Every structure is written in C-alpha cells, then in structure tokens.
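Student: A single structure is presented below for examination.
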Amino acid sequence: MTKEIDYSLYLVTDNGLCMGRDLTRVVLDAVQGGVSMVQIREKNSTAGEFLNTARALQQRLSDSGVPLIINDRVDVAMAAGAHGVHIGQEDLPYQVVREMLGPDKIIGVSINTYDQLWQASLTDVDYLSLSPVFPTQTKTDTKEPFGLEGLKKARAMTGKPLITIGGINRDNLADIMATGVDGVALVSAVCSADSPADAARELVRIIRDNKMRI
Ligand SMILES: Cc1ncc(COP(=O)(O)OP(=O)(O)O)c(N)n1
Ligand SMILES: Cc1ncsc1CCOP(=O)(O)O
Ligand SMILES: [Mg+2]
C-alpha cells in the first residue's frame, strides 16, 4: 500500500555543516520554511548522542506532520519512535529492516545503479533515492552521478516514489524537478544557508513551479 507522504523537500542533516548552530534549531527553522520530511544523518555521533538528537527532534516535530527518518540505524529509529529509516546498499538489507519495523514505518533505499532500481522496484519499499544526481563534497564515497538524463531514465523505469540527492541547490532544482522526480533531498543547501528557513522557502517555491506529478 502506498503511504501518503510528501517527499517534495527532504532535509538530510549534517551537524558539521550547520555553521556552528544547534542542529535542532536548524531543522525547526527549515521546517518553518517548508521542508516536508527530515532525516537525521549523524555519521560522527555515538549511538547515545544519535538517540538523544532523534528523541529531541521527534518530540519537537510531533505536531508538525513532518516525518522524521533515521539514517542507517534501525535500533535508533525504534528507540526514538521515529517514522522510518533510510538505508543504503551497504546497510542492513531492506527485507530485514521491513521485518524489524513492520508495515507502517517509512523505509527508503539509496539506489546507485539501474539494476538496483529494478530490484528495489519489485519490493514494497516506500521510496527510492537516486544517489547521487550530481557530484557533492558532502559525501565523498558516492558512485557515478546519474545526471539529469539518468533521472529521466530512472523515472521511466519505476512508478514508485522517486527522489534524488547530491549537489542539489536552487540553481539546478528546476531542471531536476522537470525530470518527473517526486522530490529532492538536500544537505548543504539548507544546513549551511544563512537562513535555513528562507532557503527552504525558496526551494519550495521552485519545486511548486516545476513539479511534474501532483
Ligand atoms: C534521501 C537519502 N538518499 C541517499 C542517502 C545515502 O544513503 P547511503 O548510500 O546509505 O549513504 P549514507 O548516507 O549512509 O552515507 C541518504 N542518506 N538519504
Ligand atoms: C547523503 C548523501 N547521499 C548521497 S549524496 C549525499 C550528500 C548530499 O549533500 P548535498 O546536498 O550537500 O550535496
Ligand atoms: Mg547508509
């Protein structure tokens, strides 16, 4: 069953890119600006720190309707009562995560190749994230970027909710939305912005003006 989720503007956090500001503050400002989904991605935190951040945000976002997704750590997601988990090709296998979380939680999977896209399309995963669309300095161990033509090809291959990530900003967002993806995930364009709220507002406007599918 397809869940009713707004994937249009998906903030993925990176504490180190928040310009010394409190991560929770940056996320709440971004949500004020219109971010529709949030993923906590803490690569340098202990499990305990990750859980504390997740619990604090889960509580602060509970009335907003914005789903909170945990990167990689199914245990942290379960302990925090988060809405779901994002996993990559080197994380726990999708079926195992689904068995652990049950049918109602949101599970997203990173897709690095067309073969992975095809395989994942056969499962009941909630969304697919083509990764990366462009090169980025935020994550250095990425595979070959898909580019805009790759996004179009991927869109034609699956009817599942499809988003993309990597090097996305206000200058390339319109072209990305025109490929027919359901949304975009970004780190630095929001986390490092002078005003995360204003940055999110501008991105929302570009998405609204260029979205292909409702
Ligand atoms: C929305 C979204 N898309 C892709 C990724 C990357 O996940 P992964 O390939 O597992 O890499 P890490 O983020 O774990 O370094 C993501 N986190 N979110
Ligand atoms: C987490 C992740 N996965 C693929 S690229 C990426 C980082 C994207 O960061 P930015 O939006 O700053 O390019
Ligand atoms: Mg991962």
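FYI, nothing fancy with the structure tokens labels: chains A, B, ... in order, residues from 1 per chain, ligands from 1 as they appear.
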Output the neighbourhood of ligand 2 as an NGL selection string, that is, all protein and nucleic acid residues with some atom at most 6 Å from the ligand, counting only C-alpha atoms and all ligand atoms.

Tutor: :A and (131-132 or 136 or 138-139 or 165-168 or 186-188)

Student: Those residues you just picked out, can you put them in a file as a tab-separated table (two decimals), in the first residue's frame with C-alpha atoms?

Tutor:
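Result file is result.tsv:
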```tsv
chain	number	residue	atom	x	y	z
A	131	SER	CA	22.17	8.74	-5.35
A	132	PRO	CA	23.91	10.90	-6.37
A	136	THR	CA	28.97	16.64	-4.00
A	138	THR	CA	29.13	16.48	1.42
A	139	LYS	CA	29.54	12.73	0.75
A	165	ILE	CA	20.18	13.62	-3.75
A	166	GLY	CA	23.66	15.08	-4.28
A	167	GLY	CA	24.78	18.58	-5.20
A	168	ILE	CA	21.23	19.95	-5.40
A	186	LEU	CA	19.48	18.14	0.28
A	187	VAL	CA	22.07	18.70	2.97
A	188	SER	CA	24.31	21.76	2.49
```

Student: Kindly compile the residues surrounding ligand 1 within 8 Å, counting only C-alpha atoms and all ligand atoms, and format them as a ChimeraX atom specification.

Tutor: /A:10,12,39,41,43,71-72,86-91,108-112,128-132,139,141-142,163-165,184-186

Student: Near A:Asp175, within 12 Å and counting only C-alpha atoms, which residues show up once chain neighbours fewer than 3 positions away are dropped, as a list in words?

Tutor: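 Once the nearby chain positions are removed, what remains is Val133, Gly147, Leu148, Glu149, Leu151, Lys152, Ile168, Asn169, Arg170, Asp171, Asn172, Ala178, Thr179, Gly180, Val181, Val184, Ile206, Ile207, Asp209, Asn210, Lys211 and Met212 of chain A.
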
Student: Give me, as a list in words, all polymer residues having an atom no more than 6 Å from A:Gly33, counting only C-alpha atoms and skipping those fewer than 6 positions away in the same chain.

Tutor: Ala197, Ala200 and Arg201 of chain A

Student: Pick from A:Ala56, A:Ala30, A:Thr2, A:Arg73: nearest to ligand 3, with only C-alpha atoms and all ligand atoms counted?

Tutor: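 For ligand 3, the nearest of the candidates is A:Arg73.
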
Student: Which of these, A:Met100, A:Leu51, A:Ile106, A:Met177, has the shortest distance to A:Ala80 once you count only C-alpha atoms?

Tutor: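 Closest residue, counting only C-alpha atoms: A:Leu51.
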
Student: Taking only C-alpha atoms into account, which of A:Ile69, A:Pro103, A:Lys160, A:Tyr94 comes nearest A:Trp118?

Tutor: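 Of all the options, A:Lys160 lies closest to A:Trp118.
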
Student: What separation in Å, quoted to one decimal, exists between atom CA of A:Arg208 and atom CA of A:Val35?

Tutor: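 Computing it gives 12.5 Å between the two atoms.
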
Student: Give the strand (DSSP E or B) residues of stretch 165-205 of chain A, as DSSP finds them on the backbone, and put them as a count of residues only.

Tutor: 5

Student: Quick check, in Å to one decimal: how far apart do atom CA of A:Ala77 and atom CA of A:Ser62 lie?

Tutor: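 Between atom CA of A:Ala77 and atom CA of A:Ser62 the gap is 14.5 Å.
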
Student: What gap, in Å, lies between atom CA of A:Gly34 and atom CA of A:Val204?

Tutor: 6.5 Å
